[in-house]
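Visitor: What follows is data_31.tsv, TSV, C-alpha atoms.
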chain	number	residue	atom	x	y	z
A	1	MET	CA	10.41	-14.70	21.42
A	2	ALA	CA	9.73	-13.36	17.93
A	3	VAL	CA	9.33	-9.74	19.07
A	4	GLU	CA	12.66	-9.89	20.95
A	5	ALA	CA	14.36	-11.34	17.88
A	6	ALA	CA	12.92	-8.56	15.76
A	7	ARG	CA	14.52	-5.96	18.05
A	8	ARG	CA	17.96	-7.43	17.38
A	9	VAL	CA	17.75	-7.66	13.58
A	10	GLY	CA	20.33	-5.64	11.61
A	11	ASP	CA	22.05	-3.25	14.00
A	12	ALA	CA	24.55	-2.10	11.33
A	13	PRO	CA	23.03	0.16	8.66
A	14	ALA	CA	23.36	-0.88	5.04
A	15	PRO	CA	25.33	1.39	2.73
A	16	LEU	CA	23.27	3.97	0.93
A	17	GLY	CA	22.59	3.48	-2.76
A	18	ASP	CA	19.84	1.71	-4.62
A	19	PRO	CA	16.21	1.51	-3.42
A	20	HIS	CA	16.73	-1.91	-1.81
A	21	GLN	CA	19.49	-0.43	0.35
A	22	ILE	CA	17.32	2.56	1.22
A	23	LEU	CA	14.49	0.25	2.32
A	24	HIS	CA	16.92	-1.89	4.31
A	25	ARG	CA	18.41	1.13	6.07
A	26	CYS	CA	14.98	2.43	7.06
A	27	ARG	CA	13.71	-0.97	8.22
A	28	THR	CA	16.85	-1.39	10.33
A	29	LEU	CA	16.27	1.99	11.95
A	30	VAL	CA	12.57	1.38	12.64
A	31	ARG	CA	12.48	-2.32	13.54
A	32	PRO	CA	13.51	-2.07	17.23
A	33	ALA	CA	10.88	0.59	17.95
A	34	LEU	CA	8.21	-1.35	16.03
A	35	ALA	CA	9.05	-4.52	17.97
A	36	GLU	CA	8.99	-2.61	21.26
A	37	ALA	CA	5.53	-1.23	20.46
A	38	VAL	CA	4.14	-4.66	19.51
A	39	GLY	CA	5.68	-6.06	22.69
A	40	ARG	CA	3.37	-3.82	24.74
A	41	LEU	CA	0.26	-5.58	23.44
A	42	HIS	CA	-1.59	-8.42	25.17
A	43	PRO	CA	0.59	-11.51	24.56
A	44	TRP	CA	-1.98	-13.30	22.36
A	45	VAL	CA	-2.76	-10.18	20.37
A	46	GLY	CA	0.96	-9.44	20.15
A	47	GLU	CA	1.56	-12.90	18.71
A	48	MET	CA	-0.99	-12.27	15.96
A	49	ALA	CA	0.63	-8.93	15.23
A	50	ALA	CA	4.08	-10.54	15.12
A	51	TYR	CA	2.69	-13.23	12.78
A	52	SER	CA	1.32	-10.52	10.48
A	53	PHE	CA	4.79	-8.93	10.32
A	54	GLY	CA	6.39	-12.29	9.50
A	55	TRP	CA	8.26	-12.52	12.80
A	56	CYS	CA	6.69	-15.74	14.10
A	57	GLU	CA	4.56	-18.75	13.27
A	58	VAL	CA	1.22	-19.60	14.87
A	59	GLY	CA	2.10	-20.39	18.48
A	60	GLY	CA	4.98	-17.93	18.61
A	61	ALA	CA	7.90	-19.93	17.19
A	62	PRO	CA	10.31	-17.58	15.37
A	63	ALA	CA	9.88	-17.33	11.62
A	64	VAL	CA	11.73	-15.82	8.70
A	65	ALA	CA	8.67	-14.99	6.58
A	66	SER	CA	8.60	-11.84	4.47
A	67	GLY	CA	7.04	-8.93	6.31
A	68	GLY	CA	6.89	-6.73	3.24
A	69	LYS	CA	9.26	-4.08	1.92
A	70	GLY	CA	8.49	-1.48	4.59
A	71	VAL	CA	7.66	1.21	2.05
A	72	ARG	CA	5.57	3.35	4.37
A	73	GLN	CA	8.09	3.32	7.18
A	74	ALA	CA	10.79	4.30	4.68
A	75	LEU	CA	8.68	7.23	3.49
A	76	ALA	CA	8.31	8.41	7.10
A	77	VAL	CA	12.06	8.26	7.74
A	78	LEU	CA	12.84	10.00	4.43
A	79	GLY	CA	10.13	12.59	5.17
A	80	ALA	CA	11.94	13.56	8.37
A	81	GLU	CA	15.30	13.62	6.63
A	82	ALA	CA	13.94	15.65	3.72
A	83	ALA	CA	12.77	18.22	6.26
A	84	GLY	CA	16.35	18.51	7.50
A	85	ALA	CA	15.92	16.40	10.65
A	86	SER	CA	17.48	13.08	11.61
A	87	GLY	CA	15.85	9.91	10.35
A	88	ARG	CA	15.38	8.96	14.00
A	89	ASP	CA	12.93	11.85	14.32
A	90	GLY	CA	10.70	10.01	11.86
A	91	VAL	CA	10.80	6.64	13.64
A	92	ALA	CA	7.60	7.16	15.67
A	93	ALA	CA	5.79	8.18	12.48
A	94	ALA	CA	7.19	5.09	10.73
A	95	VAL	CA	5.99	2.84	13.55
A	96	ALA	CA	2.53	4.40	13.52
A	97	VAL	CA	1.99	4.08	9.77
A	98	GLU	CA	3.35	0.53	9.73
A	99	LEU	CA	0.90	-0.41	12.50
A	100	VAL	CA	-1.98	1.22	10.61
A	101	HIS	CA	-0.95	-0.50	7.38
A	102	ALA	CA	-0.89	-3.88	9.15
A	103	PHE	CA	-4.29	-3.11	10.70
A	104	SER	CA	-5.74	-2.30	7.28
A	105	LEU	CA	-4.35	-5.52	5.76
A	106	LEU	CA	-5.81	-7.67	8.52
A	107	HIS	CA	-9.26	-6.20	7.97
A	108	ASP	CA	-8.95	-6.08	4.16
A	109	ASP	CA	-8.18	-9.80	4.00
A	110	ILE	CA	-11.35	-10.52	5.97
A	111	MET	CA	-13.52	-8.22	3.85
A	112	ASP	CA	-12.09	-9.56	0.58
A	113	GLY	CA	-12.06	-13.19	1.68
A	114	ASP	CA	-8.34	-13.48	0.86
A	115	ALA	CA	-7.04	-16.62	2.53
A	116	ASP	CA	-3.33	-15.95	1.94
A	117	ARG	CA	-1.02	-13.03	2.61
A	118	ARG	CA	2.63	-13.10	1.49
A	119	ARG	CA	2.50	-16.81	0.62
A	120	ARG	CA	1.13	-18.08	3.93
A	121	PRO	CA	-2.29	-18.12	5.63
A	122	ALA	CA	-3.73	-14.69	6.38
A	123	VAL	CA	-4.18	-13.90	10.07
A	124	TRP	CA	-7.93	-14.61	9.94
A	125	LYS	CA	-7.29	-18.04	8.44
A	126	ALA	CA	-4.52	-18.81	10.92
A	127	TYR	CA	-6.26	-17.55	14.09
A	128	GLY	CA	-9.92	-17.02	13.21
A	129	THR	CA	-11.97	-14.04	12.06
A	130	GLY	CA	-12.80	-12.62	15.49
A	131	PRO	CA	-9.22	-12.73	16.76
A	132	ALA	CA	-7.97	-11.12	13.53
A	133	VAL	CA	-10.46	-8.25	13.93
A	134	LEU	CA	-9.31	-7.82	17.53
A	135	ALA	CA	-5.64	-7.77	16.47
A	136	GLY	CA	-6.40	-5.15	13.83
A	137	ASP	CA	-8.19	-2.98	16.37
A	138	ALA	CA	-5.24	-3.29	18.75
A	139	LEU	CA	-2.76	-2.24	16.05
A	140	PHE	CA	-4.86	0.83	15.24
A	141	ALA	CA	-5.06	1.84	18.92
A	142	LEU	CA	-1.32	1.29	19.31
A	143	ALA	CA	-0.60	3.55	16.31
A	144	VAL	CA	-2.57	6.42	17.85
A	145	GLU	CA	-0.90	5.88	21.23
A	146	THR	CA	2.54	5.92	19.58
A	147	LEU	CA	1.94	9.28	17.91
A	148	ALA	CA	0.14	10.89	20.86
A	149	ALA	CA	3.20	10.29	23.05
A	150	GLN	CA	5.47	12.37	20.77
A	151	PRO	CA	6.23	16.08	21.04
A	152	GLY	CA	3.77	17.68	18.63
A	153	GLY	CA	1.69	14.53	18.85
A	154	ALA	CA	-1.64	16.33	18.52
A	155	ALA	CA	-0.79	17.56	15.01
A	156	ALA	CA	0.52	14.12	14.09
A	157	VAL	CA	-2.65	12.40	15.28
A	158	ARG	CA	-4.74	14.87	13.26
A	159	THR	CA	-2.69	14.04	10.15
A	160	LEU	CA	-3.19	10.32	10.76
A	161	SER	CA	-6.92	10.77	11.37
A	162	VAL	CA	-7.43	12.49	8.00
A	163	ALA	CA	-5.57	9.67	6.25
A	164	LEU	CA	-7.59	7.01	8.07
A	165	GLY	CA	-10.85	8.68	7.10
A	166	ASP	CA	-9.76	8.66	3.46
A	167	LEU	CA	-8.56	5.07	3.69
A	168	VAL	CA	-11.99	3.98	4.92
A	169	ARG	CA	-13.68	5.94	2.10
A	170	GLY	CA	-11.44	4.25	-0.45
A	171	GLN	CA	-12.11	0.79	0.95
A	172	ALA	CA	-15.86	1.46	0.98
A	173	ASP	CA	-15.80	2.56	-2.66
A	174	ASP	CA	-13.70	-0.45	-3.64
A	175	LEU	CA	-16.21	-2.81	-2.04
A	176	LEU	CA	-19.14	-1.03	-3.68
A	177	PHE	CA	-17.48	-1.09	-7.11
A	178	ALA	CA	-17.75	-4.88	-7.12
A	179	GLU	CA	-21.55	-4.63	-6.96
A	180	ARG	CA	-21.94	-2.17	-9.83
A	181	PRO	CA	-22.64	-3.24	-13.43
A	182	TRP	CA	-20.01	-3.46	-16.17
A	183	THR	CA	-21.94	-1.18	-18.52
A	184	GLY	CA	-24.65	1.47	-18.48
A	185	PRO	CA	-25.09	4.68	-16.49
A	186	GLU	CA	-24.22	2.97	-13.18
A	187	ARG	CA	-20.87	1.57	-14.34
A	188	VAL	CA	-17.69	2.64	-12.54
A	189	ARG	CA	-15.88	5.50	-14.31
A	190	PRO	CA	-12.07	5.94	-14.43
A	191	ASP	CA	-12.28	9.21	-12.47
A	192	GLU	CA	-14.10	7.40	-9.65
A	193	TYR	CA	-11.34	4.82	-9.68
A	194	ARG	CA	-8.67	7.53	-9.36
A	195	THR	CA	-10.41	8.91	-6.28
A	196	MET	CA	-10.71	5.42	-4.78
A	197	ALA	CA	-7.01	4.69	-5.42
A	198	GLU	CA	-5.93	8.00	-3.91
A	199	HIS	CA	-7.94	7.27	-0.78
A	200	LYS	CA	-7.30	3.54	-0.39
A	201	THR	CA	-3.62	3.46	-1.40
A	202	GLY	CA	-2.36	7.03	-1.60
A	203	SER	CA	-3.68	8.43	1.67
A	204	LEU	CA	-1.44	6.30	3.89
A	205	LEU	CA	1.61	6.76	1.63
A	206	GLY	CA	1.11	10.52	1.80
A	207	CYS	CA	0.49	10.36	5.52
A	208	ALA	CA	3.74	8.46	6.06
A	209	ALA	CA	5.91	11.08	4.36
A	210	ALA	CA	3.97	13.97	5.89
A	211	LEU	CA	4.10	12.51	9.41
A	212	GLY	CA	7.85	12.07	9.22
A	213	ALA	CA	8.15	15.72	8.19
A	214	VAL	CA	5.77	16.87	10.94
A	215	LEU	CA	7.77	15.08	13.66
A	216	GLY	CA	10.94	16.41	12.03
A	217	GLY	CA	9.73	19.97	12.61
A	218	ALA	CA	8.83	20.80	9.00
A	219	ALA	CA	6.68	23.75	8.01
A	220	PRO	CA	3.02	22.91	7.24
A	221	GLU	CA	3.50	23.56	3.50
A	222	THR	CA	6.36	21.02	3.40
A	223	ALA	CA	4.25	18.36	5.10
A	224	ALA	CA	1.34	19.14	2.74
A	225	ALA	CA	3.59	18.79	-0.31
A	226	LEU	CA	4.87	15.41	0.88
A	227	ASP	CA	1.30	14.30	1.49
A	228	ARG	CA	0.50	15.19	-2.15
A	229	VAL	CA	3.55	13.24	-3.26
A	230	GLY	CA	2.28	10.11	-1.53
A	231	ARG	CA	-1.24	10.48	-2.85
A	232	HIS	CA	-0.09	10.79	-6.47
A	233	LEU	CA	2.31	7.93	-5.89
A	234	GLY	CA	-0.56	5.80	-4.59
A	235	ILE	CA	-2.60	6.32	-7.76
A	236	ALA	CA	0.38	5.60	-10.01
A	237	PHE	CA	1.33	2.54	-7.96
A	238	GLN	CA	-2.20	1.16	-8.06
A	239	ILE	CA	-2.53	1.64	-11.81
A	240	VAL	CA	0.81	-0.07	-12.48
A	241	ASP	CA	-0.31	-2.86	-10.15
A	242	ASP	CA	-3.45	-3.19	-12.27
A	243	VAL	CA	-1.37	-3.52	-15.44
A	244	LEU	CA	0.75	-6.19	-13.77
A	245	GLY	CA	-2.40	-7.94	-12.57
A	246	ILE	CA	-3.37	-8.55	-16.20
A	247	TRP	CA	-0.08	-8.76	-18.14
A	248	GLY	CA	2.60	-9.19	-15.46
A	249	ASP	CA	5.11	-12.04	-15.44
A	250	PRO	CA	4.00	-14.58	-12.79
A	251	GLN	CA	7.68	-15.10	-11.85
A	252	VAL	CA	7.81	-11.43	-10.89
A	253	THR	CA	4.32	-10.81	-9.51
A	254	GLY	CA	3.75	-14.18	-7.83
A	255	LYS	CA	0.27	-14.17	-9.38
A	256	PRO	CA	-1.09	-16.10	-12.38
A	257	VAL	CA	-1.20	-14.28	-15.71
A	258	HIS	CA	-4.57	-12.57	-16.27
A	259	GLY	CA	-5.27	-13.13	-12.55
A	260	ASP	CA	-7.27	-9.91	-12.08
A	261	LEU	CA	-9.45	-10.77	-15.08
A	262	ARG	CA	-10.18	-14.23	-13.69
A	263	GLU	CA	-11.31	-12.52	-10.50
A	264	ARG	CA	-13.29	-10.00	-12.59
A	265	LYS	CA	-11.78	-6.99	-10.83
A	266	LYS	CA	-12.76	-3.52	-12.00
A	267	THR	CA	-9.21	-2.28	-12.51
A	268	PHE	CA	-8.18	0.90	-14.34
A	269	PRO	CA	-7.39	-0.70	-17.72
A	270	VAL	CA	-10.69	-2.59	-17.62
A	271	LEU	CA	-12.67	0.57	-16.84
A	272	VAL	CA	-10.98	2.49	-19.68
A	273	ALA	CA	-11.68	-0.32	-22.12
A	274	LEU	CA	-15.31	-0.59	-21.01
A	275	GLY	CA	-15.75	3.03	-22.07
A	276	SER	CA	-14.46	2.29	-25.58
A	277	ALA	CA	-16.13	0.88	-28.69
A	278	HIS	CA	-15.13	-2.58	-27.39
A	279	GLY	CA	-17.01	-2.11	-24.13
A	280	ASP	CA	-20.03	-4.32	-24.75
A	281	ARG	CA	-17.93	-7.24	-26.04
A	282	LEU	CA	-15.54	-6.91	-23.12
A	283	ALA	CA	-18.39	-6.79	-20.61
A	284	ALA	CA	-19.78	-10.03	-22.04
A	285	LEU	CA	-16.37	-11.72	-21.75
A	286	LEU	CA	-15.90	-10.53	-18.19
A	287	GLU	CA	-19.39	-11.60	-17.19
A	288	ALA	CA	-18.82	-15.08	-18.59
A	289	GLY	CA	-15.39	-15.24	-16.97
A	290	ASP	CA	-14.19	-18.17	-19.05
A	291	ASP	CA	-11.73	-16.54	-21.48
A	292	PRO	CA	-9.43	-14.07	-19.68
A	293	GLY	CA	-6.92	-14.24	-22.55
A	294	ALA	CA	-9.47	-12.90	-25.01
A	295	ALA	CA	-10.48	-10.20	-22.53
A	296	ALA	CA	-6.84	-9.13	-22.12
A	297	GLU	CA	-6.41	-8.94	-25.88
A	298	LEU	CA	-9.54	-6.83	-26.22
A	299	ILE	CA	-8.41	-4.45	-23.45
A	300	GLU	CA	-5.08	-3.94	-25.21
A	301	ARG	CA	-6.80	-3.45	-28.58
A	302	ALA	CA	-8.93	-0.74	-26.98
A	303	GLY	CA	-5.72	1.11	-26.05
A	304	ALA	CA	-6.41	0.72	-22.34
A	305	ARG	CA	-3.01	-0.70	-21.42
A	306	ALA	CA	-1.27	2.30	-23.01
A	307	ALA	CA	-3.81	4.67	-21.44
A	308	ALA	CA	-3.15	3.16	-18.00
A	309	MET	CA	0.61	3.66	-18.29
A	310	ALA	CA	0.09	7.22	-19.55
A	311	GLU	CA	-2.08	7.90	-16.50
A	312	ALA	CA	0.59	6.49	-14.19
A	313	ARG	CA	3.21	8.73	-15.83
A	314	ARG	CA	0.93	11.74	-15.36
A	315	HIS	CA	0.81	11.13	-11.63
A	316	LEU	CA	4.57	10.64	-11.50
A	317	ALA	CA	4.92	14.06	-13.14
A	318	ALA	CA	2.63	15.46	-10.43
A	319	VAL	CA	4.96	13.91	-7.84
A	320	GLU	CA	7.88	15.84	-9.34
A	321	THR	CA	5.86	19.06	-9.35
A	322	ALA	CA	5.04	18.64	-5.65
A	323	LEU	CA	8.67	17.87	-4.77
A	324	ALA	CA	9.89	20.92	-6.68
A	325	GLY	CA	7.52	23.21	-4.82
A	326	VAL	CA	9.22	23.09	-1.39
A	327	PRO	CA	12.81	23.26	-0.10
A	328	LEU	CA	13.98	19.75	0.85
A	329	GLU	CA	17.34	18.41	1.99
A	330	ALA	CA	19.20	17.33	-1.16
A	331	ARG	CA	20.45	13.88	-0.15
A	332	ALA	CA	17.11	12.79	1.29
A	333	LEU	CA	15.33	14.17	-1.77
A	334	GLY	CA	17.57	12.08	-4.01
A	335	GLU	CA	16.81	8.95	-1.98
A	336	LEU	CA	13.10	9.77	-1.99
A	337	ARG	CA	13.11	10.11	-5.79
A	338	SER	CA	15.02	6.83	-6.13
A	339	LEU	CA	12.52	5.02	-3.92
A	340	LEU	CA	9.45	6.49	-5.65
A	341	GLY	CA	10.75	5.51	-9.07
A	342	PHE	CA	11.46	1.98	-7.88
A	343	LEU	CA	7.95	1.56	-6.51
A	344	VAL	CA	6.24	2.51	-9.75
A	345	ARG	CA	8.65	1.54	-12.54
A	346	ARG	CA	8.31	-2.20	-12.17
A	347	ASP	CA	8.31	-4.85	-14.88
A	348	VAL	CA	5.46	-3.52	-17.03
Would you put the structure from the file into structure tokens?
Guide:
Amino acid sequence: MAVEAARRVGDAPAPLGDPHQILHRCRTLVRPALAEAVGRLHPWVGEMAAYSFGWCEVGGAPAVASGGKGVRQALAVLGAEAAGASGRDGVAAAVAVELVHAFSLLHDDIMDGDADRRRRPAVWKAYGTGPAVLAGDALFALAVETLAAQPGGAAAVRTLSVALGDLVRGQADDLLFAERPWTGPERVRPDEYRTMAEHKTGSLLGCAAALGAVLGGAAPETAAALDRVGRHLGIAFQIVDDVLGIWGDPQVTGKPVHGDLRERKKTFPVLVALGSAHGDRLAALLEAGDDPGAAAELIERAGARAAAMAEARRHLAAVETALAGVPLEARALGELRSLLGFLVRRDV
């Protein structure tokens, strides 16, 4: 069975070093516990969960699909280690945030109408909308159960609850942004976008690192600092993702060039450019939707690409400020910095 196979993957830890090795080490540490948790679900629901993680095909046959990098589980493990505890002390936090992340993706794909996830049918396309909603609900419940069973579980569940509330706020704002006009007093402003990105993307990244620290016995100020790290990282990550969504190399991103403009997404560079002298012309191009190349050129001419990267760098500087504000274990801090840089400094 796919869940059993997942328990047996990679018993030997990879050598420490670059971010890929860090991610591999953390996935190897977390995978057996994540598979054990999923194995406690109803068999049909567990199959959908295993499919979402890339462990099986529809029907349960084992698969070797990509289940993602495991960024959030790595942040949880490194959060525990940065607090001076063993990485194993962060495993329950890693399992919980990975379950919540999977839950959010299942529901996001339904809300956004995205038919594919990691180059194969999304769960709702493979199993149906109702079953996918049910699987998402089960993953959320399993995440809370996982944390509640830990020593200090009450504080951990509170930390997760705050992050979930913010995640929902961010998703709500993101959905509402699509209905707002390109120009005029009701248009979406860059500062609103920052808040949305912090909530939708940053809250769970911050929660992952903070939860690992909480279960590792860290002081509240250490957990709070790591939460800030993740939130700033989320904004920077989302803005870089927006730049890649317009100008990224399709061989790297797996998406067509100018893809976000074809979909008329209100991304950070677009919002900055709409506030410039080129705003009316850009709005007309976006509304027509038939010349994404011209829209991309206009956004760059407005200085919005450079402004987006400057904003991402500002949040990376805030990450460093937060990390410098608390005592953290040196080796784990070095790995954390390496991982954070890798996540943001992509091919832009």
Visitor: What is the CA of Glu311 in chain A-CA of Thr267 in chain A distance in Å, reported with one decimal?
Guide: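 Interatomic distance here is 13.1 Å.
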Visitor: How far is it from CA of Gly79 in chain A to CA of Gly212 in chain A, in Å with one decimal?
Guide: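 So the answer is 4.7 Å.
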Visitor: So how many Å separate CA of Val270 in chain A and CA of Leu316 in chain A, to one decimal?
Guide: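 According to the coordinates, CA of Val270 in chain A and CA of Leu316 in chain A are separated by 21.1 Å.
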Visitor: Could I get the residues of range 190-288 of chain A with an atom no further than 9 Å from an atom of range 136-158 of chain A, each paired with its nearest atom pair and that distance in Å to one decimal, using only C-alpha atoms, sorted by chain and residue number, as JSON lines?
Guide:
{"residue": "A:Ala210", "atom": "CA", "partner": "A:Ala156", "partner_atom": "CA", "distance": 8.9}
{"residue": "A:Leu211", "atom": "CA", "partner": "A:Ala156", "partner_atom": "CA", "distance": 6.1}
{"residue": "A:Val214", "atom": "CA", "partner": "A:Ala156", "partner_atom": "CA", "distance": 6.7}
{"residue": "A:Leu215", "atom": "CA", "partner": "A:Gly152", "partner_atom": "CA", "distance": 6.9}
{"residue": "A:Gly217", "atom": "CA", "partner": "A:Gly152", "partner_atom": "CA", "distance": 8.8}
Visitor: Restricting the output to C-alpha atoms, write the selected residues as a compact mmCIF listing (two decimals), in the frame of the given file.
Guide:
# COMPACT_ATOMS: atom_id res chain seq x y z
CA ALA A 210 3.97 13.97 5.89
CA LEU A 211 4.10 12.51 9.41
CA VAL A 214 5.77 16.87 10.94
CA LEU A 215 7.77 15.08 13.66
CA GLY A 217 9.73 19.97 12.61
Visitor: Measuring atom to atom with all atoms listed in the file, identify which of A:Glu198, A:Glu263, A:Glu98, A:Asp114 is nearest to Ile239 in chain A.
Guide: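 The closest residue to Ile239 in chain A is A:Glu198.
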Visitor: Axis-aligned box over every listed atom of range 156-172 of chain A, padded by 8 Å per side: centre and edges in Å to one decimal, as lines of an AutoDock Vina configuration file?
Guide:
center_x = -7.7
center_y = 7.8
center_z = 7.4
size_x = 32.4
size_y = 30.1
size_z = 31.7
Visitor: If we count all atoms listed in the file and set the cut-off at 9 Å, which residues sit around Glu47 in chain A, ignoring sequence neighbours fewer than 6 positions away in its own chain? Please answer as a list of chain:residue names.
Guide: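 Non-adjacent residues within range: A:Ala2, A:Val3, A:Val38, A:Gly39, A:Leu41, A:Trp55, A:Cys56, A:Glu57, A:Val58, A:Gly59, A:Gly60.
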Visitor: Show me, as number ranges by chain, the residues that have an atom within 6 Å of Ala93 in chain A when counting only C-alpha atoms, minus same-chain residues fewer than 2 positions from it.
Guide: A: 76, 90-91, 95-96, 211-212
Visitor: Looking at A:Gly216, A:Gly202, A:Gly84, A:Gly303, which one is nearest to Ala273 in chain A, with distances taken over all atoms listed in the file?
Guide: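 For Ala273 in chain A, the nearest of the candidates is A:Gly303.
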Visitor: When you look at Ala277 in chain A with a cut-off of 12 Å (counting all atoms listed in the file), what residues show up, excluding the ones that are within fewer than 5 positions of it in the same chain? I need them as a list in words.
Guide: Thr183, Val272, Leu282, Ala283, Leu298, Ile299, Arg301, Ala302, Gly303 and Ala304 of chain A
Visitor: Output C-alpha atoms for every residue in that selection, as a compact mmCIF listing (two decimals), in the frame of the given file.
Guide:
# COMPACT_ATOMS: atom_id res chain seq x y z
CA THR A 183 -21.94 -1.18 -18.52
CA VAL A 272 -10.98 2.49 -19.68
CA LEU A 282 -15.54 -6.91 -23.12
CA ALA A 283 -18.39 -6.79 -20.61
CA LEU A 298 -9.54 -6.83 -26.22
CA ILE A 299 -8.41 -4.45 -23.45
CA ARG A 301 -6.80 -3.45 -28.58
CA ALA A 302 -8.93 -0.74 -26.98
CA GLY A 303 -5.72 1.11 -26.05
CA ALA A 304 -6.41 0.72 -22.34
Visitor: Using all atoms listed in the file, which residue out of A:Pro19, A:Pro327, A:Gly334, A:Gly248 lies closest to Gly70 in chain A?
Guide: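 Comparing A:Pro19, A:Pro327, A:Gly334, A:Gly248 against Gly70 in chain A, the winner is A:Pro19.
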Visitor: Looking at A:Glu329, A:Gly275, A:Gly68, A:Ala94, which one is nearest to Ala82 in chain A, with distances taken over only C-alpha atoms?
Guide: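 Closest to Ala82 in chain A, using only C-alpha atoms: A:Glu329.
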Visitor: Using all atoms listed in the file, can you tell me which of A:Leu343, A:Ile235, A:Ala296, A:Cys207 comes closest to Leu160 in chain A?
Guide: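 Closest candidate: A:Cys207.
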Visitor: May I ask which of the residues A:Arg187, A:Arg262, A:His315, A:Arg88 is the closest one to Asp291 in chain A, counting only C-alpha atoms?
Guide: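 The closest residue to Asp291 in chain A is A:Arg262.
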Visitor: Identify, on the basis of all atoms listed in the file, every residue whose closest approach to Leu164 in chain A does not exceed 10 Å; exclude the query and any residue fewer than 4 positions from it along the same chain; express the result as an MDAnalysis selection string.
Guide: chainID A and resid 100 104 140 158:160 168:170 199:200 203:204 207
Visitor: What's around Ala178 in chain A at 9 Å? Count only C-alpha atoms, leave out sequence neighbours fewer than 3 positions away in its own chain, and write the answer as a list in words.
Guide: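 Contacts, with the query itself left out: Asp173, Asp174, Leu175, Pro181, Arg264, Lys265 and Lys266 of chain A.
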Visitor: Please return as a list in words every residue within 6 Å of (-4.8, -16.7, -18.3), taking into account only C-alpha atoms and the file's own coordinates.
Guide: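 Here the neighbourhood of the point contains Val257, His258, Pro292 and Gly293 of chain A.
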